[in-house]
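What follows is a single structure, written as structure tokens, with notes after it.
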Amino acid sequence: MAKFIFVTGGVVSGLGKGITAASLGRLLKARGYRVTALKFDPYINVDAGTMNPLQHGEVFVTDDGAETDLDLGHYERFMDVSLGKGNNITTGKIYQAVIAKERRGDYLGSTVQVIPHITNEIKANIHRVADEAGADVVIIEIGGTVGDMESLPFLEAARQFRHDVPREDTCFIHVTLVPYLDASGELKTKPTQHSVAELRSIGIQPDVLVCRSERPLPRDLREKIALFTDVELDAVIPNPDLDTIYRVPLVLEEAGLARIVCRKLGLEDREPDLAAWRALVERATHPSREVEIALVGKYVALEDAYLSVVEALNHAGIAHDARVKIHWIDSEKLENGEGLQLRDELLSRVDGILVPGGFGYRGIEGKIAAVQYAREHQVPFFGICMGMQSAVIEVARNLLGIRKANSTEFIPDCPEPVIDLMAAQKEISNLGGTMRLGQYLCHLEPGSKAHRAYGTTQVWERHRHRWEVNNAYLDRLARAGLKPVGFWKEGNLVEVMELEGHPWFIGVQFHPELKSRPERPHPLFKDFIRAALEYREERLSRSAAGA
């Protein structure tokens with residue numbers, strides 16, 4: 001039988017429940033336990049696929065094509081596991097499943113209600129994930145904040161779950177805030193007290209409190225919190241702000257979180273193997289050099305919109321003993337005459353240019369302008385999904401002279417559609433879950449830069465897009481130097497393109513950032529940072545010579 005850990009949050013959103021859950025998963029896995037994770041999101045959307053990244057952050061795509069919450073990325077990176085559709089459940093999915101059963105007559109004429117039908121469906125998903133993963137421990141994060149109307153069915157299901165299984169098989173962890181007030185110069189415990197009171201009012205007594213704070217939490221405040229919340233003193237775990245999220249597992253280990261959870265669940269508290277993780281954190285926080293990367297995107301107002309890209313860059317930096325300094329550049333600001341002047345000013349200071357994915361025409365001309373700069377000035381360039389498509393448009397316009405080259409995503413009746421809608425997509429009207437999603441096999445051309453980076457000619461990568469490079473233009477693009485070096489052979493679609501005569505210019509149709517891990521950086525990101533470091537040495541050398 002699996003053990004089940006429920007992670008809830010209080011006071012405010014954005015406290016880091018996902019990082020807490022992922023960190024605990026890492027600590028339990030370091031003790032030799034098989035761990036999986038499940039995120040319950042209380043929104044009514046069926047999945048995150050149609051949600052605005054400026055509101056919700058990035059959409060994290062799994063191997064099996066699920067469009068999920070970004071917290072699944074934290075789980076995969078910290079726990080080094082591959083998750084799937086069953087690991088992110090929304091209110092929309094729950095109600096969709098219950099209504100489908102009602103329509104089939106599965107409830108035999110019963111009045112369908114939140115209790116027991118919705119809560120039973122929620123609990124069934126927990127058991128399903130445990131069984132399919134064969135896990136020793138399932139960590140269940142309940143999205144939102146205690147007190148939100150939307151999350152009540154999930155909290156009620158969690159309350160019931162404790163009574164459905166042996167008591168020692170469940171543990172409740174509540175993540176809360178202990179704010180510091182500058183005016184009074186002190187940490188305040190009242191928000192945590194009220195949050196726990198709210199949780200207890202719906203029948204859940206937390207076993208452990210993880211207290212987020214800007215500053216260290218002294219013992220007397222932990223004693224006060226323990227007294228007012230009926231939580232054991234050693235189960236009041238401080239979690240102050242840190243220099244890197246990858247230090248969180250080590251801080252929580254030192255505070256005794258995993259030891260206490262093992263005690264609550266009746267698990268043997270084995271000696272954890274965290275040597276590699278400690279070494280990783282040491283490299284991440286004490287690099288010997290720096291590299292500067294321009295991230296030219298349209299959602300830069302919310303950095304979480306590119307969370308996996310940022311983490312993949314950081315992983316690659318760690319591998320090269322380098323801190324990656326990201327310059328966030330709004331692609332809209334690089335458009336028109338003044339924008340081009342700003343482009344030249346901003347991009348002349350960096351060692352590499354990364355253009356990530358996105359949807360819609362807004363900001364695309366700025367992405368294309370950034371590609372042109374990288375091509376003409378020999379700056380290492382990495383284009384991902386829309387970034388690769390922007391490179392195709394730029395080369396078609398400026399090297400092939402096809403001035404009207406564009407994508408039918410932006411101009412449906414474009415006369416020169418170098419990027420076009422897949423034939424299988426043309427009759428689709430629904431947006432959710434209808435793109436080319438999940439893992440596909442890519443065959444790489446031997447001797448290509450991509451092949452050398454991967455060290456193999458066959459790779460599986462995750463996708464999330466509708467439009468593709470138009471094969472009718474491939475020969476002309478290749479003559480201009482932009483060669484296709486990676487294909488999904490089954491669909492005869494381009495996956496990777498490289499520019500000849502350029503030190504490092506690679507575009508990929510897939511999203512390699514989704515498979516990067518702290519201890520195993522993605523090969524393309526790792527090679528991109530290598531090229532950027534070499535370019536930096538040359539750039540600084542030229543600057544010194546000019547001075």
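So you can find residues: chains in the structure tokens are A, B, ... in the order shown, residues in each start at 1, and ligands are numbered from 1 in order.
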(request) Please provide as a PyMOL selection string all residues within 7 Å of Ala312 (chain A), with the sequence filter that same-chain residues fewer than 5 positions apart are discarded (counting only C-alpha atoms). (result) chain A and resi 513+516+521-522+525
Limited to N, CA and C atoms, could you put the picked residues into a file as a PDB file, in the first residue's frame?
```pdb
ATOM      1  N   GLU A 513      13.517  22.325 -23.473  1.00  0.00           N
ATOM      2  CA  GLU A 513      13.598  22.765 -22.076  1.00  0.00           C
ATOM      3  C   GLU A 513      12.798  21.880 -21.138  1.00  0.00           C
ATOM      4  N   SER A 516      14.981  18.987 -19.508  1.00  0.00           N
ATOM      5  CA  SER A 516      16.237  19.283 -18.822  1.00  0.00           C
ATOM      6  C   SER A 516      16.099  19.018 -17.326  1.00  0.00           C
ATOM      7  N   PRO A 521      21.665  18.332 -17.621  1.00  0.00           N
ATOM      8  CA  PRO A 521      21.219  19.415 -18.499  1.00  0.00           C
ATOM      9  C   PRO A 521      20.878  18.898 -19.885  1.00  0.00           C
ATOM     10  N   HIS A 522      19.923  19.561 -20.537  1.00  0.00           N
ATOM     11  CA  HIS A 522      19.589  19.135 -21.893  1.00  0.00           C
ATOM     12  C   HIS A 522      20.791  19.369 -22.807  1.00  0.00           C
ATOM     13  N   PHE A 525      20.863  22.773 -24.779  1.00  0.00           N
ATOM     14  CA  PHE A 525      21.110  23.920 -23.911  1.00  0.00           C
ATOM     15  C   PHE A 525      22.567  23.929 -23.449  1.00  0.00           C
TER      16      PHE A 525
END
```
(request) Output as a PyMOL selection string all residues of region 307-338 of chain A that backbone DSSP marks as strand (DSSP E or B). (result) chain A and resi 322-330
Output the selection as a PDB file, in the first residue's frame - all heavy atoms for each residue.
```pdb
ATOM      1  N   ALA A 322      29.210  28.186 -14.706  1.00  0.00           N
ATOM      2  CA  ALA A 322      28.937  29.569 -15.096  1.00  0.00           C
ATOM      3  C   ALA A 322      27.557  30.003 -14.603  1.00  0.00           C
ATOM      4  O   ALA A 322      26.609  29.224 -14.638  1.00  0.00           O
ATOM      5  CB  ALA A 322      29.005  29.724 -16.618  1.00  0.00           C
ATOM      6  N   ARG A 323      27.467  31.233 -14.165  1.00  0.00           N
ATOM      7  CA  ARG A 323      26.181  31.833 -13.852  1.00  0.00           C
ATOM      8  C   ARG A 323      25.587  32.389 -15.137  1.00  0.00           C
ATOM      9  O   ARG A 323      26.242  33.143 -15.864  1.00  0.00           O
ATOM     10  CB  ARG A 323      26.334  32.943 -12.816  1.00  0.00           C
ATOM     11  CG  ARG A 323      25.016  33.696 -12.540  1.00  0.00           C
ATOM     12  CD  ARG A 323      25.186  34.780 -11.503  1.00  0.00           C
ATOM     13  NE  ARG A 323      25.394  34.234 -10.178  1.00  0.00           N
ATOM     14  CZ  ARG A 323      26.544  34.223  -9.522  1.00  0.00           C
ATOM     15  NH1 ARG A 323      27.631  34.745 -10.109  1.00  0.00           N
ATOM     16  NH2 ARG A 323      26.666  33.706  -8.323  1.00  0.00           N
ATOM     17  N   VAL A 324      24.349  32.021 -15.431  1.00  0.00           N
ATOM     18  CA  VAL A 324      23.675  32.526 -16.619  1.00  0.00           C
ATOM     19  C   VAL A 324      22.882  33.770 -16.235  1.00  0.00           C
ATOM     20  O   VAL A 324      21.927  33.688 -15.455  1.00  0.00           O
ATOM     21  CB  VAL A 324      22.749  31.471 -17.242  1.00  0.00           C
ATOM     22  CG1 VAL A 324      22.017  32.052 -18.458  1.00  0.00           C
ATOM     23  CG2 VAL A 324      23.543  30.237 -17.651  1.00  0.00           C
ATOM     24  N   LYS A 325      23.307  34.898 -16.757  1.00  0.00           N
ATOM     25  CA  LYS A 325      22.587  36.155 -16.533  1.00  0.00           C
ATOM     26  C   LYS A 325      21.651  36.377 -17.716  1.00  0.00           C
ATOM     27  O   LYS A 325      22.097  36.517 -18.857  1.00  0.00           O
ATOM     28  CB  LYS A 325      23.566  37.317 -16.408  1.00  0.00           C
ATOM     29  CG  LYS A 325      22.888  38.663 -16.142  1.00  0.00           C
ATOM     30  CD  LYS A 325      23.911  39.777 -16.011  1.00  0.00           C
ATOM     31  CE  LYS A 325      23.233  41.131 -15.768  1.00  0.00           C
ATOM     32  NZ  LYS A 325      24.229  42.227 -15.675  1.00  0.00           N
ATOM     33  N   ILE A 326      20.355  36.407 -17.425  1.00  0.00           N
ATOM     34  CA  ILE A 326      19.364  36.523 -18.489  1.00  0.00           C
ATOM     35  C   ILE A 326      18.944  37.975 -18.665  1.00  0.00           C
ATOM     36  O   ILE A 326      18.582  38.655 -17.697  1.00  0.00           O
ATOM     37  CB  ILE A 326      18.136  35.642 -18.186  1.00  0.00           C
ATOM     38  CG1 ILE A 326      18.533  34.162 -18.148  1.00  0.00           C
ATOM     39  CG2 ILE A 326      17.037  35.858 -19.239  1.00  0.00           C
ATOM     40  CD1 ILE A 326      17.415  33.228 -17.758  1.00  0.00           C
ATOM     41  N   HIS A 327      18.995  38.451 -19.885  1.00  0.00           N
ATOM     42  CA  HIS A 327      18.473  39.770 -20.235  1.00  0.00           C
ATOM     43  C   HIS A 327      17.085  39.563 -20.840  1.00  0.00           C
ATOM     44  O   HIS A 327      16.956  38.997 -21.926  1.00  0.00           O
ATOM     45  CB  HIS A 327      19.391  40.467 -21.251  1.00  0.00           C
ATOM     46  CG  HIS A 327      20.746  40.784 -20.721  1.00  0.00           C
ATOM     47  ND1 HIS A 327      21.127  42.057 -20.341  1.00  0.00           N
ATOM     48  CD2 HIS A 327      21.825  39.989 -20.494  1.00  0.00           C
ATOM     49  CE1 HIS A 327      22.382  42.035 -19.912  1.00  0.00           C
ATOM     50  NE2 HIS A 327      22.819  40.794 -19.999  1.00  0.00           N
ATOM     51  N   TRP A 328      16.066  40.019 -20.128  1.00  0.00           N
ATOM     52  CA  TRP A 328      14.690  39.838 -20.584  1.00  0.00           C
ATOM     53  C   TRP A 328      14.348  40.952 -21.565  1.00  0.00           C
ATOM     54  O   TRP A 328      14.318  42.121 -21.194  1.00  0.00           O
ATOM     55  CB  TRP A 328      13.734  39.860 -19.400  1.00  0.00           C
ATOM     56  CG  TRP A 328      13.935  38.711 -18.460  1.00  0.00           C
ATOM     57  CD1 TRP A 328      14.794  38.659 -17.404  1.00  0.00           C
ATOM     58  CD2 TRP A 328      13.288  37.445 -18.518  1.00  0.00           C
ATOM     59  NE1 TRP A 328      14.708  37.434 -16.784  1.00  0.00           N
ATOM     60  CE2 TRP A 328      13.789  36.673 -17.440  1.00  0.00           C
ATOM     61  CE3 TRP A 328      12.322  36.887 -19.352  1.00  0.00           C
ATOM     62  CZ2 TRP A 328      13.367  35.376 -17.197  1.00  0.00           C
ATOM     63  CZ3 TRP A 328      11.888  35.591 -19.103  1.00  0.00           C
ATOM     64  CH2 TRP A 328      12.414  34.849 -18.045  1.00  0.00           C
ATOM     65  N   ILE A 329      14.067  40.588 -22.807  1.00  0.00           N
ATOM     66  CA  ILE A 329      13.818  41.578 -23.853  1.00  0.00           C
ATOM     67  C   ILE A 329      12.445  41.335 -24.469  1.00  0.00           C
ATOM     68  O   ILE A 329      12.168  40.246 -24.986  1.00  0.00           O
ATOM     69  CB  ILE A 329      14.908  41.525 -24.941  1.00  0.00           C
ATOM     70  CG1 ILE A 329      16.278  41.833 -24.311  1.00  0.00           C
ATOM     71  CG2 ILE A 329      14.597  42.491 -26.068  1.00  0.00           C
ATOM     72  CD1 ILE A 329      17.437  41.721 -25.278  1.00  0.00           C
ATOM     73  N   ASP A 330      11.596  42.342 -24.370  1.00  0.00           N
ATOM     74  CA  ASP A 330      10.253  42.280 -24.944  1.00  0.00           C
ATOM     75  C   ASP A 330      10.374  42.414 -26.459  1.00  0.00           C
ATOM     76  O   ASP A 330      10.810  43.454 -26.967  1.00  0.00           O
ATOM     77  CB  ASP A 330       9.398  43.404 -24.365  1.00  0.00           C
ATOM     78  CG  ASP A 330       7.945  43.336 -24.815  1.00  0.00           C
ATOM     79  OD1 ASP A 330       7.640  42.638 -25.792  1.00  0.00           O
ATOM     80  OD2 ASP A 330       7.101  44.011 -24.178  1.00  0.00           O
TER      81      ASP A 330
END
```
(message) Which residue is closest to Ala531 (chain A)? Choose from A:Ala301, A:Ala21, A:Ile506, A:Cys442 and count only C-alpha atoms.
(response)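 Among the listed residues, A:Ile506 lies closest to Ala531 (chain A).
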(request) Would you list the contacts of Val395 (chain A) as an MDAnalysis selection string, taking every protein, DNA or RNA residue within 12 Å and counting only C-alpha atoms, but skipping same-chain residues closer than 6 positions in sequence? (result) chainID A and resid 368:369 371:376 388:389 401:406 418 473:474 476:483 497:500
(request) Mind checking which residues fall within 8 Å of Thr189 (chain A), counting only C-alpha atoms, ignoring those fewer than 6 positions away in the same chain, and posting them as a PyMOL selection string? (result) chain A and resi 178-179+221+224-225
(request) State, in Å with one decimal place, the distance from CA of Ser541 (chain A) to CA of Gly383 (chain A). (result)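 Value for the CA of Ser541 (chain A)-CA of Gly383 (chain A) distance: 26.7 Å.
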(request) Can you pull out every residue within 10 Å of His74 (chain A), counting only C-alpha atoms, but drop anything in the same chain fewer than 5 positions away, and send it as a ChimeraX atom specification? (result) /A:18-23,60,69,79-80,245,307-308,311,517
Export of the given selection (N, CA, C and O atoms) as a PDB file, in the first residue's frame:
```pdb
ATOM      1  N   GLY A  18       4.528  24.060  -4.615  1.00  0.00           N
ATOM      2  CA  GLY A  18       5.087  23.139  -5.595  1.00  0.00           C
ATOM      3  C   GLY A  18       6.541  22.821  -5.315  1.00  0.00           C
ATOM      4  O   GLY A  18       6.968  21.667  -5.431  1.00  0.00           O
ATOM      5  N   ILE A  19       7.324  23.846  -4.941  1.00  0.00           N
ATOM      6  CA  ILE A  19       8.735  23.623  -4.609  1.00  0.00           C
ATOM      7  C   ILE A  19       8.846  22.779  -3.345  1.00  0.00           C
ATOM      8  O   ILE A  19       9.705  21.898  -3.242  1.00  0.00           O
ATOM      9  N   THR A  20       7.958  23.041  -2.376  1.00  0.00           N
ATOM     10  CA  THR A  20       7.965  22.248  -1.136  1.00  0.00           C
ATOM     11  C   THR A  20       7.663  20.787  -1.440  1.00  0.00           C
ATOM     12  O   THR A  20       8.363  19.882  -0.965  1.00  0.00           O
ATOM     13  N   ALA A  21       6.612  20.554  -2.237  1.00  0.00           N
ATOM     14  CA  ALA A  21       6.241  19.185  -2.594  1.00  0.00           C
ATOM     15  C   ALA A  21       7.362  18.500  -3.365  1.00  0.00           C
ATOM     16  O   ALA A  21       7.707  17.337  -3.097  1.00  0.00           O
ATOM     17  N   ALA A  22       7.942  19.218  -4.346  1.00  0.00           N
ATOM     18  CA  ALA A  22       9.017  18.641  -5.150  1.00  0.00           C
ATOM     19  C   ALA A  22      10.247  18.353  -4.299  1.00  0.00           C
ATOM     20  O   ALA A  22      10.913  17.319  -4.472  1.00  0.00           O
ATOM     21  N   SER A  23      10.559  19.253  -3.374  1.00  0.00           N
ATOM     22  CA  SER A  23      11.717  19.064  -2.506  1.00  0.00           C
ATOM     23  C   SER A  23      11.535  17.859  -1.596  1.00  0.00           C
ATOM     24  O   SER A  23      12.468  17.061  -1.397  1.00  0.00           O
ATOM     25  N   PHE A  60       3.305  23.280 -19.043  1.00  0.00           N
ATOM     26  CA  PHE A  60       4.301  22.219 -19.039  1.00  0.00           C
ATOM     27  C   PHE A  60       3.699  20.989 -19.712  1.00  0.00           C
ATOM     28  O   PHE A  60       2.629  20.519 -19.321  1.00  0.00           O
ATOM     29  N   ASP A  69      -0.039  22.122 -15.441  1.00  0.00           N
ATOM     30  CA  ASP A  69       0.442  23.214 -14.603  1.00  0.00           C
ATOM     31  C   ASP A  69       1.965  23.186 -14.520  1.00  0.00           C
ATOM     32  O   ASP A  69       2.589  22.110 -14.574  1.00  0.00           O
ATOM     33  N   MET A  79      12.548  15.632  -8.729  1.00  0.00           N
ATOM     34  CA  MET A  79      12.429  14.208  -8.431  1.00  0.00           C
ATOM     35  C   MET A  79      13.012  13.336  -9.528  1.00  0.00           C
ATOM     36  O   MET A  79      13.143  12.130  -9.362  1.00  0.00           O
ATOM     37  N   ASP A  80      13.346  13.953 -10.680  1.00  0.00           N
ATOM     38  CA  ASP A  80      13.895  13.234 -11.832  1.00  0.00           C
ATOM     39  C   ASP A  80      12.990  12.070 -12.229  1.00  0.00           C
ATOM     40  O   ASP A  80      13.418  10.918 -12.339  1.00  0.00           O
ATOM     41  N   ILE A 245      16.448  27.935  -5.667  1.00  0.00           N
ATOM     42  CA  ILE A 245      15.409  26.973  -5.286  1.00  0.00           C
ATOM     43  C   ILE A 245      15.998  25.585  -5.061  1.00  0.00           C
ATOM     44  O   ILE A 245      15.415  24.771  -4.325  1.00  0.00           O
ATOM     45  N   LEU A 307       9.402  29.531 -17.591  1.00  0.00           N
ATOM     46  CA  LEU A 307      10.064  28.939 -16.433  1.00  0.00           C
ATOM     47  C   LEU A 307      11.017  27.803 -16.813  1.00  0.00           C
ATOM     48  O   LEU A 307      12.166  27.766 -16.363  1.00  0.00           O
ATOM     49  N   SER A 308      10.566  26.871 -17.644  1.00  0.00           N
ATOM     50  CA  SER A 308      11.420  25.729 -17.991  1.00  0.00           C
ATOM     51  C   SER A 308      12.610  26.155 -18.827  1.00  0.00           C
ATOM     52  O   SER A 308      13.695  25.563 -18.720  1.00  0.00           O
ATOM     53  N   GLU A 311      15.106  27.541 -16.341  1.00  0.00           N
ATOM     54  CA  GLU A 311      15.746  26.472 -15.576  1.00  0.00           C
ATOM     55  C   GLU A 311      16.717  25.677 -16.437  1.00  0.00           C
ATOM     56  O   GLU A 311      17.794  25.284 -15.975  1.00  0.00           O
ATOM     57  N   ARG A 517      17.177  18.548 -16.730  1.00  0.00           N
ATOM     58  CA  ARG A 517      17.213  18.266 -15.296  1.00  0.00           C
ATOM     59  C   ARG A 517      18.439  18.948 -14.677  1.00  0.00           C
ATOM     60  O   ARG A 517      19.464  19.107 -15.342  1.00  0.00           O
TER      61      ARG A 517
END
```
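Considering the residues A:Glu495, A:Asp413, A:Glu268, A:Asp182 and counting only C-alpha atoms, Leu444 (chain A) has its shortest atom-to-atom contact with A:Glu495.
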(request) For region 141-145 of chain A, list every protein, DNA or RNA residue within 9 Å, evaluated using only C-alpha atoms, and leave out those in the same chain fewer than 5 positions away; present the list as a VMD selection string. (result) chain A and resid 5 to 14 17 to 18 21 37 to 43 150 to 151 154 to 155
(message) Taking only C-alpha atoms into account, name the residue in A:Leu177, A:Leu313, A:Leu187, A:Ile118 that is nearest to Ile99 (chain A).
(response)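 Using only C-alpha atoms, Ile99 (chain A) sits closest to A:Ile118.
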Spatial neighbours of Cys171 (chain A), max dist 10 Å, only C-alpha atoms, sep filter under 6 positions, as a compact mmCIF listing (two decimals) with all heavy atoms, in the first residue's frame:
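Wrote selection-v3.txt, looks like this:
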```txt
# COMPACT_ATOMS: atom_id res chain seq x y z
N LYS A 3 1.73 5.28 0.64
CA LYS A 3 1.50 6.32 1.63
C LYS A 3 1.16 7.61 0.88
O LYS A 3 1.60 7.81 -0.25
CB LYS A 3 2.75 6.54 2.49
CG LYS A 3 3.27 5.27 3.17
CD LYS A 3 2.42 4.85 4.35
CE LYS A 3 3.05 3.68 5.09
NZ LYS A 3 2.31 3.32 6.33
N PHE A 4 0.37 8.49 1.52
CA PHE A 4 -0.15 9.67 0.83
C PHE A 4 0.14 10.93 1.64
O PHE A 4 -0.19 11.00 2.83
CB PHE A 4 -1.65 9.53 0.59
CG PHE A 4 -2.02 8.30 -0.20
CD1 PHE A 4 -2.29 7.11 0.44
CD2 PHE A 4 -2.05 8.34 -1.58
CE1 PHE A 4 -2.61 5.96 -0.28
CE2 PHE A 4 -2.37 7.21 -2.32
CZ PHE A 4 -2.65 6.00 -1.67
N ILE A 5 0.74 11.91 0.98
CA ILE A 5 1.06 13.19 1.61
C ILE A 5 0.27 14.27 0.90
O ILE A 5 0.40 14.44 -0.32
CB ILE A 5 2.57 13.50 1.52
CG1 ILE A 5 3.38 12.39 2.20
CG2 ILE A 5 2.87 14.86 2.12
CD1 ILE A 5 4.88 12.48 1.93
N PHE A 6 -0.54 15.02 1.63
CA PHE A 6 -1.32 16.13 1.07
C PHE A 6 -0.64 17.44 1.43
O PHE A 6 -0.32 17.69 2.60
CB PHE A 6 -2.75 16.11 1.61
CG PHE A 6 -3.56 14.94 1.13
CD1 PHE A 6 -3.57 13.75 1.84
CD2 PHE A 6 -4.31 15.03 -0.03
CE1 PHE A 6 -4.32 12.66 1.40
CE2 PHE A 6 -5.06 13.96 -0.48
CZ PHE A 6 -5.06 12.76 0.23
N VAL A 7 -0.40 18.27 0.42
CA VAL A 7 0.24 19.58 0.63
C VAL A 7 -0.77 20.66 0.30
O VAL A 7 -1.27 20.75 -0.83
CB VAL A 7 1.50 19.73 -0.25
CG1 VAL A 7 2.13 21.10 -0.02
CG2 VAL A 7 2.49 18.61 0.04
N ILE A 139 2.69 12.22 -3.40
CA ILE A 139 2.59 13.57 -2.87
C ILE A 139 1.51 14.29 -3.66
O ILE A 139 1.61 14.43 -4.88
CB ILE A 139 3.93 14.31 -2.96
CG1 ILE A 139 5.00 13.55 -2.16
CG2 ILE A 139 3.80 15.74 -2.46
CD1 ILE A 139 6.39 14.13 -2.29
N ARG A 162 -8.39 10.54 4.55
CA ARG A 162 -7.71 10.15 5.80
C ARG A 162 -8.49 9.07 6.53
O ARG A 162 -7.90 8.24 7.23
CB ARG A 162 -7.50 11.38 6.69
CG ARG A 162 -7.09 11.07 8.12
CD ARG A 162 -6.41 12.24 8.77
NE ARG A 162 -4.96 12.23 8.55
CZ ARG A 162 -4.13 13.15 9.03
NH1 ARG A 162 -4.58 14.17 9.73
NH2 ARG A 162 -2.83 13.06 8.79
N GLN A 205 -6.67 18.62 10.32
CA GLN A 205 -5.63 19.06 11.24
C GLN A 205 -4.28 18.77 10.59
O GLN A 205 -3.94 17.61 10.33
CB GLN A 205 -5.73 18.30 12.57
CG GLN A 205 -4.52 18.46 13.50
CD GLN A 205 -4.29 19.90 13.94
OE1 GLN A 205 -5.23 20.61 14.28
NE2 GLN A 205 -3.03 20.32 13.94
N PRO A 206 -3.48 19.80 10.31
CA PRO A 206 -2.19 19.53 9.67
C PRO A 206 -1.23 18.81 10.62
O PRO A 206 -1.24 19.05 11.83
CB PRO A 206 -1.68 20.92 9.32
CG PRO A 206 -2.36 21.84 10.27
CD PRO A 206 -3.72 21.23 10.52
N ASP A 207 -0.44 17.92 10.06
CA ASP A 207 0.60 17.23 10.83
C ASP A 207 1.90 18.03 10.85
O ASP A 207 2.68 17.93 11.80
CB ASP A 207 0.88 15.86 10.21
CG ASP A 207 -0.34 14.98 10.19
OD1 ASP A 207 -0.82 14.60 11.28
OD2 ASP A 207 -0.84 14.68 9.08
N VAL A 208 2.12 18.78 9.78
CA VAL A 208 3.36 19.53 9.63
C VAL A 208 3.02 20.91 9.07
O VAL A 208 2.15 21.05 8.21
CB VAL A 208 4.33 18.82 8.65
CG1 VAL A 208 5.63 19.61 8.50
CG2 VAL A 208 4.61 17.39 9.10
N ILE A 260 10.43 13.78 9.93
CA ILE A 260 9.12 13.87 10.58
C ILE A 260 8.05 13.19 9.74
O ILE A 260 7.18 12.46 10.25
CB ILE A 260 8.76 15.35 10.83
CG1 ILE A 260 9.70 15.94 11.87
CG2 ILE A 260 7.31 15.51 11.25
CD1 ILE A 260 9.82 17.43 11.81
N VAL A 261 8.09 13.39 8.42
CA VAL A 261 7.11 12.75 7.53
C VAL A 261 7.24 11.23 7.60
O VAL A 261 6.23 10.51 7.67
CB VAL A 261 7.29 13.26 6.09
CG1 VAL A 261 6.52 12.39 5.11
CG2 VAL A 261 6.84 14.71 5.98
N CYS A 262 8.47 10.72 7.61
CA CYS A 262 8.66 9.28 7.74
C CYS A 262 8.08 8.77 9.05
O CYS A 262 7.44 7.70 9.09
CB CYS A 262 10.16 8.93 7.65
SG CYS A 262 10.85 9.05 5.99
N ARG A 263 8.27 9.53 10.11
CA ARG A 263 7.72 9.13 11.41
C ARG A 263 6.20 9.11 11.37
O ARG A 263 5.56 8.16 11.86
CB ARG A 263 8.21 10.10 12.48
CG ARG A 263 7.80 9.70 13.92
CD ARG A 263 8.33 10.71 14.91
NE ARG A 263 7.55 11.95 14.89
CZ ARG A 263 8.05 13.15 15.14
NH1 ARG A 263 9.34 13.29 15.39
NH2 ARG A 263 7.28 14.21 15.12
N LYS A 264 5.60 10.14 10.77
CA LYS A 264 4.14 10.20 10.70
C LYS A 264 3.56 9.06 9.87
O LYS A 264 2.46 8.56 10.15
CB LYS A 264 3.70 11.53 10.09
CG LYS A 264 4.09 12.77 10.89
CD LYS A 264 3.24 12.95 12.11
CE LYS A 264 3.58 14.24 12.83
NZ LYS A 264 2.76 14.42 14.07
N LEU A 265 4.31 8.65 8.83
CA LEU A 265 3.80 7.63 7.91
C LEU A 265 4.26 6.22 8.27
O LEU A 265 3.91 5.26 7.58
CB LEU A 265 4.25 7.95 6.48
CG LEU A 265 3.67 9.22 5.86
CD1 LEU A 265 4.31 9.48 4.50
CD2 LEU A 265 2.15 9.11 5.72
```
(request) Could you please write out, as a PyMOL selection string, every residue of region 122-354 of chain A that DSSP assigns to helix (DSSP H, G or I)? (result) chain A and resi 122-133+152-164+167-169+190-201+219-229+233-235+245-255+257-265+275-285+303-319+331-334+336-347
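With only C-alpha atoms as the atoms that count, the residue of A:Thr457, A:Ser201, A:Ala135, A:Arg167 with the shortest distance to Arg34 (chain A) is A:Ala135.
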(message) Taking only C-alpha atoms into account, name the residue in A:Ile237, A:Leu533, A:Leu493, A:Val485 that is nearest to Ser448 (chain A).
(response) A:Val485
(message) With distances taken over only C-alpha atoms, which residue among A:Leu181, A:Val296, A:Cys414, A:Ala305 lies nearest Gly366 (chain A)?
(response) A:Val296
(message) Just the number, please: distance in Å from CA of Val379 (chain A) to CA of Gly352 (chain A), one decimal.
(response)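 Distance between the two atoms: 5.8 Å.
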